[in-house]
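Novice: Just one file: input04.txt, with compact mmCIF, C-alpha atoms.
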```txt
# COMPACT_ATOMS: atom_id res chain seq x y z
CA MET K 26 -0.75 -9.14 27.95
CA PRO K 27 -2.28 -6.85 25.33
CA ARG K 28 -4.70 -4.34 26.72
CA THR K 29 -6.99 -3.64 23.76
CA HIS K 30 -9.04 -6.42 22.18
CA TRP K 31 -11.65 -6.68 19.42
CA GLU K 32 -14.41 -6.11 21.98
CA ASP K 33 -13.01 -2.65 22.76
CA PHE K 34 -13.75 -1.21 19.31
CA ALA K 35 -17.09 0.30 18.31
CA PRO K 36 -18.32 2.19 15.24
CA GLY K 37 -17.78 5.94 15.45
CA GLN K 38 -14.71 5.79 17.71
CA VAL K 39 -12.12 8.36 16.62
CA THR K 40 -8.41 8.29 17.48
CA GLU K 41 -5.65 10.65 16.39
CA TYR K 42 -1.96 9.95 15.82
CA GLY K 43 1.11 12.05 15.15
CA PRO K 44 2.42 14.57 14.40
CA ARG K 45 5.36 13.38 12.32
CA VAL K 46 7.36 15.50 9.90
CA ILE K 47 8.45 13.92 6.60
CA THR K 48 11.81 15.07 5.27
CA ARG K 49 13.15 15.57 1.77
CA GLU K 50 15.90 13.05 2.52
CA GLU K 51 13.50 10.25 3.47
CA ILE K 52 11.24 10.98 0.47
CA ILE K 53 14.20 10.55 -1.90
CA ALA K 54 15.67 7.55 -0.05
CA PHE K 55 12.37 5.65 -0.12
CA ALA K 56 11.78 6.47 -3.79
CA ALA K 57 15.29 5.32 -4.72
CA GLU K 58 14.63 1.98 -3.03
CA PHE K 59 11.01 1.22 -3.99
CA ASP K 60 9.46 3.74 -6.40
CA PRO K 61 12.19 5.37 -8.50
CA GLN K 62 10.01 7.71 -10.58
CA PRO K 63 11.61 11.09 -11.41
CA MET K 64 8.70 12.92 -9.69
CA HIS K 65 9.76 11.44 -6.33
CA LEU K 66 13.51 11.85 -6.84
CA ASP K 67 14.27 15.07 -8.63
CA GLU K 68 12.90 18.58 -8.06
CA GLU K 69 13.07 19.65 -11.69
CA ALA K 70 11.44 16.51 -13.09
CA ALA K 71 8.81 16.71 -10.34
CA SER K 72 7.91 20.30 -11.31
CA ALA K 73 6.98 19.11 -14.78
CA SER K 74 4.87 16.21 -13.41
CA LEU K 75 1.26 16.05 -12.23
CA LEU K 76 2.60 16.53 -8.68
CA GLY K 77 3.90 20.02 -9.53
CA GLY K 78 7.01 19.60 -7.39
CA LEU K 79 8.88 17.00 -5.36
CA ALA K 80 6.44 14.79 -3.41
CA ALA K 81 6.58 11.47 -1.61
CA SER K 82 5.70 8.17 -3.29
CA GLY K 83 2.14 7.19 -2.41
CA TRP K 84 3.47 3.88 -1.16
CA HIS K 85 5.84 5.76 1.13
CA VAL K 86 2.92 7.71 2.54
CA CYS K 87 1.09 4.42 3.22
CA CYS K 88 4.15 3.08 5.04
CA ILE K 89 4.53 6.21 7.16
CA LEU K 90 0.85 6.04 8.08
CA MET K 91 1.38 2.40 9.11
CA ARG K 92 4.28 3.44 11.32
CA MET K 93 2.28 6.28 12.90
CA ILE K 94 -0.52 3.84 13.73
CA SER K 95 1.97 1.33 15.11
CA ASP K 96 3.57 3.89 17.38
CA GLY K 97 0.24 5.27 18.48
CA ALA K 98 -1.83 2.20 19.10
CA LEU K 99 -0.80 -1.25 17.99
CA GLU K 100 1.81 -1.95 20.63
CA ASP K 101 -0.83 -2.36 23.32
CA THR K 102 -3.40 -4.26 21.30
CA ALA K 103 -4.14 -7.83 20.27
CA PHE K 104 -3.48 -6.79 16.64
CA MET K 105 -3.23 -9.77 14.27
CA GLY K 106 -2.55 -8.13 10.90
CA ALA K 107 -4.92 -7.56 7.99
CA PRO K 108 -6.04 -9.65 5.00
CA GLY K 109 -5.60 -6.76 2.61
CA ILE K 110 -6.39 -3.14 1.78
CA GLU K 111 -9.89 -2.10 0.79
CA GLU K 112 -9.00 1.27 -0.74
CA VAL K 113 -6.40 4.01 -0.81
CA GLN K 114 -6.94 7.49 -2.25
CA TRP K 115 -3.96 9.77 -2.76
CA LEU K 116 -5.65 13.16 -2.68
CA ALA K 117 -2.81 15.69 -2.68
CA PRO K 118 0.99 15.71 -2.94
CA VAL K 119 2.93 15.07 0.29
CA ARG K 120 5.74 17.66 0.30
CA PRO K 121 9.11 17.72 2.09
CA GLY K 122 8.70 19.17 5.58
CA GLU K 123 4.99 18.34 5.72
CA ARG K 124 3.68 17.90 9.28
CA LEU K 125 1.54 14.74 9.21
CA THR K 126 -1.32 13.76 11.50
CA VAL K 127 -3.73 10.82 11.26
CA ARG K 128 -7.38 10.50 12.22
CA ALA K 129 -8.73 6.94 12.54
CA THR K 130 -12.48 6.34 12.58
CA VAL K 131 -13.99 2.90 13.27
CA LEU K 132 -16.57 2.17 10.56
CA GLU K 133 -17.73 -1.29 11.69
CA THR K 134 -16.78 -4.36 13.70
CA ARG K 135 -17.71 -7.99 13.11
CA PRO K 136 -16.64 -11.31 14.59
CA SER K 137 -14.80 -13.78 12.38
CA ARG K 138 -17.10 -16.51 11.06
CA SER K 139 -14.32 -19.08 10.86
CA ARG K 140 -12.28 -18.18 13.95
CA PRO K 141 -14.08 -17.48 17.22
CA ASP K 142 -10.85 -16.18 18.77
CA MET K 143 -10.75 -13.07 16.60
CA GLY K 144 -12.78 -10.35 14.94
CA PHE K 145 -12.49 -7.67 12.26
CA VAL K 146 -12.50 -3.90 12.71
CA LYS K 147 -12.93 -1.70 9.64
CA PHE K 148 -11.08 1.62 9.90
CA HIS K 149 -11.19 4.78 7.82
CA TYR K 150 -7.83 6.51 8.16
CA GLU K 151 -7.36 10.11 7.05
CA LEU K 152 -3.91 11.63 6.74
CA PHE K 153 -3.60 15.40 7.08
CA GLY K 154 -0.64 17.61 6.24
CA SER K 155 0.44 21.13 7.08
CA GLY K 156 -2.54 23.48 7.28
CA ASP K 157 -4.83 20.46 7.72
CA ARG K 158 -4.81 19.64 4.00
CA ARG K 159 -6.26 16.14 3.61
CA LEU K 160 -3.58 14.15 1.79
CA MET K 161 -4.68 10.52 1.80
CA THR K 162 -7.42 8.17 2.94
CA LEU K 163 -7.13 4.44 3.63
CA ILE K 164 -9.81 1.86 4.35
CA VAL K 165 -8.54 -1.37 5.87
CA MET K 166 -10.06 -4.10 8.05
CA PRO K 167 -7.48 -5.62 10.40
CA MET K 168 -8.05 -8.54 12.76
CA PHE K 169 -7.83 -8.37 16.54
CA GLY K 170 -7.85 -11.07 19.18
CA ARG K 171 -11.00 -11.39 21.28
CA ARG K 172 -10.76 -10.96 25.01
CA SER K 173 -13.27 -13.75 25.53
CA ALA K 174 -11.10 -16.24 23.62
CA GLU K 175 -8.00 -15.27 25.55
CA ALA K 176 -9.82 -15.67 28.85
CA MET K 177 -11.14 -19.09 27.83
CA ALA K 178 -7.67 -20.24 26.79
CA GLN K 179 -6.49 -19.35 30.27
CA GLY K 180 -9.40 -21.11 32.00
CA ALA K 181 -10.77 -17.85 33.34
CA PRO K 182 -14.45 -16.88 33.22
CA VAL K 183 -15.46 -15.00 30.07
CA ARG K 184 -16.02 -11.32 30.77
CA SER K 185 -18.10 -10.14 27.84
CA MET W 11 11.01 10.41 -25.28
CA PRO W 12 8.96 7.66 -23.59
CA ARG W 13 8.20 4.71 -25.80
CA THR W 14 4.96 3.36 -24.30
CA HIS W 15 1.84 5.52 -24.10
CA TRP W 16 -1.75 5.05 -22.99
CA GLU W 17 -2.69 4.03 -26.55
CA ASP W 18 -0.37 1.01 -26.33
CA PHE W 19 -2.38 -0.75 -23.60
CA ALA W 20 -5.35 -3.01 -24.28
CA PRO W 21 -7.47 -5.30 -22.08
CA GLY W 22 -6.08 -8.82 -21.77
CA GLN W 23 -2.43 -7.87 -22.25
CA VAL W 24 -0.20 -9.85 -19.89
CA THR W 25 3.33 -8.90 -18.82
CA GLU W 26 5.65 -10.64 -16.36
CA TYR W 27 8.33 -9.18 -14.10
CA GLY W 28 11.05 -10.58 -11.88
CA PRO W 29 12.33 -12.78 -10.45
CA ARG W 30 13.53 -11.07 -7.28
CA VAL W 31 14.50 -12.83 -4.06
CA ILE W 32 13.44 -11.26 -0.76
CA THR W 33 15.88 -11.69 2.11
CA ARG W 34 15.40 -12.08 5.86
CA GLU W 35 17.52 -8.97 6.40
CA GLU W 36 15.36 -6.74 4.23
CA ILE W 37 12.15 -8.13 5.78
CA ILE W 38 13.38 -7.18 9.25
CA ALA W 39 14.84 -3.82 8.20
CA PHE W 40 11.61 -2.74 6.52
CA ALA W 41 9.49 -3.88 9.48
CA ALA W 42 11.73 -2.04 11.94
CA GLU W 43 11.26 1.16 9.95
CA PHE W 44 7.59 1.04 8.96
CA ASP W 45 5.65 -1.90 10.44
CA PRO W 46 7.28 -3.00 13.71
CA GLN W 47 4.95 -5.89 14.59
CA PRO W 48 6.64 -8.88 16.27
CA MET W 49 5.45 -11.20 13.46
CA HIS W 50 7.67 -9.31 10.97
CA LEU W 51 10.66 -8.91 13.29
CA ASP W 52 11.13 -11.98 15.41
CA GLU W 53 11.05 -15.66 14.44
CA GLU W 54 9.64 -16.88 17.74
CA ALA W 55 6.89 -14.28 17.98
CA ALA W 56 6.07 -14.90 14.32
CA SER W 57 5.64 -18.64 14.92
CA ALA W 58 2.88 -17.91 17.42
CA SER W 59 1.15 -15.47 15.03
CA LEU W 60 -1.34 -16.07 12.20
CA LEU W 61 1.62 -16.02 9.81
CA GLY W 62 3.09 -19.17 11.39
CA GLY W 63 6.66 -17.92 11.05
CA LEU W 64 8.64 -14.85 10.04
CA ALA W 65 7.04 -13.16 7.03
CA ALA W 66 7.30 -9.78 5.33
CA SER W 67 5.00 -6.87 6.16
CA GLY W 68 2.21 -6.67 3.60
CA TRP W 69 3.21 -3.06 2.96
CA HIS W 70 6.75 -4.23 2.24
CA VAL W 71 5.42 -6.69 -0.32
CA CYS W 72 3.47 -3.86 -1.99
CA CYS W 73 6.64 -1.77 -2.15
CA ILE W 74 8.70 -4.60 -3.63
CA LEU W 75 6.02 -5.21 -6.23
CA MET W 76 6.16 -1.48 -7.09
CA ARG W 77 9.91 -1.72 -7.54
CA MET W 78 9.64 -4.84 -9.70
CA ILE W 79 7.16 -3.04 -11.96
CA SER W 80 9.37 0.05 -12.07
CA ASP W 81 12.40 -1.96 -13.11
CA GLY W 82 10.44 -3.98 -15.63
CA ALA W 83 8.32 -1.42 -17.36
CA LEU W 84 7.88 2.11 -16.12
CA GLU W 85 11.22 3.53 -17.17
CA ASP W 86 10.23 3.48 -20.82
CA THR W 87 6.63 4.63 -20.43
CA ALA W 88 4.71 7.88 -20.12
CA PHE W 89 3.71 6.81 -16.58
CA MET W 90 2.11 9.62 -14.56
CA GLY W 91 1.38 7.99 -11.21
CA ALA W 92 -1.93 6.73 -9.80
CA PRO W 93 -4.79 8.36 -7.89
CA GLY W 94 -4.95 5.49 -5.40
CA ILE W 95 -5.22 1.74 -4.85
CA GLU W 96 -8.43 -0.09 -5.65
CA GLU W 97 -7.68 -3.27 -3.69
CA VAL W 98 -4.91 -5.37 -2.20
CA GLN W 99 -5.29 -8.97 -1.01
CA TRP W 100 -2.51 -10.53 1.04
CA LEU W 101 -3.15 -14.21 0.35
CA ALA W 102 -0.18 -16.04 1.89
CA PRO W 103 2.89 -15.21 3.98
CA VAL W 104 5.97 -13.99 2.09
CA ARG W 105 8.92 -15.86 3.59
CA PRO W 106 12.64 -15.06 3.71
CA GLY W 107 14.34 -16.37 0.57
CA GLU W 108 11.10 -16.37 -1.43
CA ARG W 109 11.62 -16.02 -5.19
CA LEU W 110 9.09 -13.45 -6.35
CA THR W 111 7.59 -12.99 -9.81
CA VAL W 112 4.79 -10.69 -10.96
CA ARG W 113 2.10 -11.14 -13.60
CA ALA W 114 0.34 -7.96 -14.75
CA THR W 115 -2.93 -8.19 -16.66
CA VAL W 116 -4.63 -5.15 -18.22
CA LEU W 117 -8.30 -5.14 -17.18
CA GLU W 118 -9.48 -1.99 -18.94
CA THR W 119 -8.38 1.32 -20.41
CA ARG W 120 -10.25 4.60 -20.58
CA PRO W 121 -9.37 8.17 -21.53
CA SER W 122 -9.45 10.85 -18.85
CA ARG W 123 -12.63 12.92 -19.01
CA SER W 124 -10.95 16.03 -17.61
CA ARG W 125 -7.53 15.80 -19.26
CA PRO W 126 -7.30 14.87 -22.94
CA ASP W 127 -3.53 14.45 -22.63
CA MET W 128 -3.80 11.30 -20.48
CA GLY W 129 -5.74 8.11 -19.87
CA PHE W 130 -6.21 5.41 -17.23
CA VAL W 131 -5.16 1.77 -17.40
CA LYS W 132 -6.56 -0.64 -14.81
CA PHE W 133 -4.13 -3.45 -13.93
CA HIS W 134 -4.54 -6.67 -11.99
CA TYR W 135 -1.16 -7.57 -10.52
CA GLU W 136 -0.51 -11.06 -9.13
CA LEU W 137 2.58 -11.77 -7.07
CA PHE W 138 3.86 -15.35 -6.99
CA GLY W 139 6.44 -16.90 -4.66
CA SER W 140 8.54 -20.03 -4.67
CA GLY W 141 6.65 -22.98 -6.14
CA ASP W 142 4.28 -20.53 -7.85
CA ARG W 143 2.26 -19.93 -4.65
CA ARG W 144 0.08 -16.87 -5.25
CA LEU W 145 1.00 -14.44 -2.46
CA MET W 146 -0.73 -11.16 -3.24
CA THR W 147 -3.00 -9.42 -5.70
CA LEU W 148 -3.24 -5.68 -6.38
CA ILE W 149 -5.72 -3.72 -8.48
CA VAL W 150 -4.61 -0.22 -9.38
CA MET W 151 -5.44 2.23 -12.17
CA PRO W 152 -2.45 4.43 -13.04
CA MET W 153 -2.44 7.26 -15.54
CA PHE W 154 -0.35 7.38 -18.72
CA GLY W 155 0.33 10.16 -21.17
CA ARG W 156 -1.34 9.89 -24.58
CA ARG W 157 0.78 9.75 -27.70
CA SER W 158 -1.68 11.93 -29.56
CA ALA W 159 -1.35 14.72 -26.97
CA GLU W 160 2.43 14.58 -27.08
CA ALA W 161 2.45 14.74 -30.85
CA MET W 162 0.07 17.71 -30.85
CA ALA W 163 2.22 19.55 -28.32
CA GLN W 164 5.14 19.14 -30.71
CA GLY W 165 3.19 20.28 -33.74
CA ALA W 166 3.49 16.86 -35.37
CA PRO W 167 0.59 15.04 -37.04
CA VAL W 168 -1.38 12.75 -34.68
CA ARG W 169 -0.59 9.11 -35.31
CA SER W 170 -3.51 7.27 -33.78
```
Can I see the file as structure tokens?

Specialist:
Amino acid sequence: MPRTHWEDFAPGQVTEYGPRVITREEIIAFAAEFDPQPMHLDEEAASASLLGGLAASGWHVCCILMRMISDGALEDTAFMGAPGIEEVQWLAPVRPGERLTVRATVLETRPSRSRPDMGFVKFHYELFGSGDRRLMTLIVMPMFGRRSAEAMAQGAPVRS
Amino acid sequence: MPRTHWEDFAPGQVTEYGPRVITREEIIAFAAEFDPQPMHLDEEAASASLLGGLAASGWHVCCILMRMISDGALEDTAFMGAPGIEEVQWLAPVRPGERLTVRATVLETRPSRSRPDMGFVKFHYELFGSGDRRLMTLIVMPMFGRRSAEAMAQGAPVRS
């Protein structure tokens, strides 16, 4: 049974994930599959681009952040996915060999109006690279199962 | 030399991309790498989830949309990347075998205030699946090189 439910989140909570190092090989492999722009594939073309050198696709960085969160937290939670993305800002190029860490801050929580068995938690994720350069921010509001609903479904008394 | 520049975009322009079929194998492979939630990996677990059956990671759908746009348009443009994502809505599950098409609508264009050699184009992307179900929307404002700047850099007279 999942350990963390919607009731366990509160505004201001901060969690950190990582580190994870991104390699040149994975930057190029991802770009070749999903975002084949020269600035993500080729050092020379990248030098002439706004990125000023080879850097990961912004979508790749989103996906790596998702994986870092998954490894760090989601396995033990009643995570139910998200209805969308509220905002992403790509602030600085993500270079080969960059050591990535994530800081997650809970901005707000609210119960679902249509589904009493779940609630929303709005997170502000910040991705940092080598030397603590801030590389990306993401605001997203995933859904989590409520402990109370799970307890009711099992005929147990509601705890909170 | 790229054929499409910032000057070539105007609000209301509509372009379509695809089709592309998404397979069960690629849904599972992507999820295993970047978004290893049971609802994207395992048919039985997915049936019990909000998705009601195996469905692609929302991040995977974003990445496929990026690739469809790349194949359809970006190769021949002065595309310079994007500073972020304004909004994504995941509206319906993306199933194995789904036939995907994209409709891109230009919402607005504006020159860069800090860099006269480029401008922004805000797009509303809609992703449709089999039976024209609308699966996802994305609002993003990439940057494109300006024809006038390129012409000036080459010492040629400015065309527009």

Novice: With a distance threshold of 8 Å and counting all atoms listed in the file, extract the residues of chain K near chain W and express them as a PDB file with C-alpha atoms, keeping the file's coordinate frame.

Specialist:
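Everything below was put into selection.pdb:
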```
ATOM      1  CA  GLU K  58      14.630   1.980  -3.030  1.00  0.00           C
ATOM      2  CA  PHE K  59      11.010   1.220  -3.990  1.00  0.00           C
ATOM      3  CA  ASP K  60       9.460   3.740  -6.400  1.00  0.00           C
ATOM      4  CA  PRO K  61      12.190   5.370  -8.500  1.00  0.00           C
ATOM      5  CA  GLN K  62      10.010   7.710 -10.580  1.00  0.00           C
ATOM      6  CA  SER K  74       4.870  16.210 -13.410  1.00  0.00           C
ATOM      7  CA  LEU K  75       1.260  16.050 -12.230  1.00  0.00           C
ATOM      8  CA  GLY K  83       2.140   7.190  -2.410  1.00  0.00           C
ATOM      9  CA  TRP K  84       3.470   3.880  -1.160  1.00  0.00           C
ATOM     10  CA  CYS K  87       1.090   4.420   3.220  1.00  0.00           C
ATOM     11  CA  CYS K  88       4.150   3.080   5.040  1.00  0.00           C
ATOM     12  CA  ILE K  89       4.530   6.210   7.160  1.00  0.00           C
ATOM     13  CA  MET K  91       1.380   2.400   9.110  1.00  0.00           C
ATOM     14  CA  ARG K  92       4.280   3.440  11.320  1.00  0.00           C
ATOM     15  CA  SER K  95       1.970   1.330  15.110  1.00  0.00           C
ATOM     16  CA  GLU K 100       1.810  -1.950  20.630  1.00  0.00           C
ATOM     17  CA  MET K 105      -3.230  -9.770  14.270  1.00  0.00           C
ATOM     18  CA  ALA K 107      -4.920  -7.560   7.990  1.00  0.00           C
ATOM     19  CA  PRO K 108      -6.040  -9.650   5.000  1.00  0.00           C
ATOM     20  CA  GLY K 109      -5.600  -6.760   2.610  1.00  0.00           C
ATOM     21  CA  ILE K 110      -6.390  -3.140   1.780  1.00  0.00           C
ATOM     22  CA  GLU K 111      -9.890  -2.100   0.790  1.00  0.00           C
ATOM     23  CA  GLU K 112      -9.000   1.270  -0.740  1.00  0.00           C
ATOM     24  CA  VAL K 113      -6.400   4.010  -0.810  1.00  0.00           C
ATOM     25  CA  GLN K 114      -6.940   7.490  -2.250  1.00  0.00           C
ATOM     26  CA  TRP K 115      -3.960   9.770  -2.760  1.00  0.00           C
ATOM     27  CA  LEU K 116      -5.650  13.160  -2.680  1.00  0.00           C
TER      28      LEU K 116
END
```

Novice: When you draw a straight line from atom CA of K:Ser139 to atom CA of W:His134, how long is it in Å?

Specialist: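 Straight-line distance from atom CA of K:Ser139 to atom CA of W:His134 works out to 27.8 Å.
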
Novice: Please indicate the distance in Å from atom CA of W:Arg157 to atom CA of W:Glu118, rounded to one decimal place.

Specialist: 17.9 Å

Novice: Excluding W:Leu137 and its own-chain neighbours fewer than 2 positions away, which residues fall within 9 Å of it when counting all atoms listed in the file? Please give them as a count of residues only.

Specialist: 16

Novice: Starting from the point (8.2, 15.4, -5.5), work out which residues of protein, DNA or RNA have an atom no more than 10 Å away when counting only C-alpha atoms; state them as a VMD selection string.

Specialist: chain K and resid 49 52 to 53 56 62 to 72 74 to 82 118 to 121
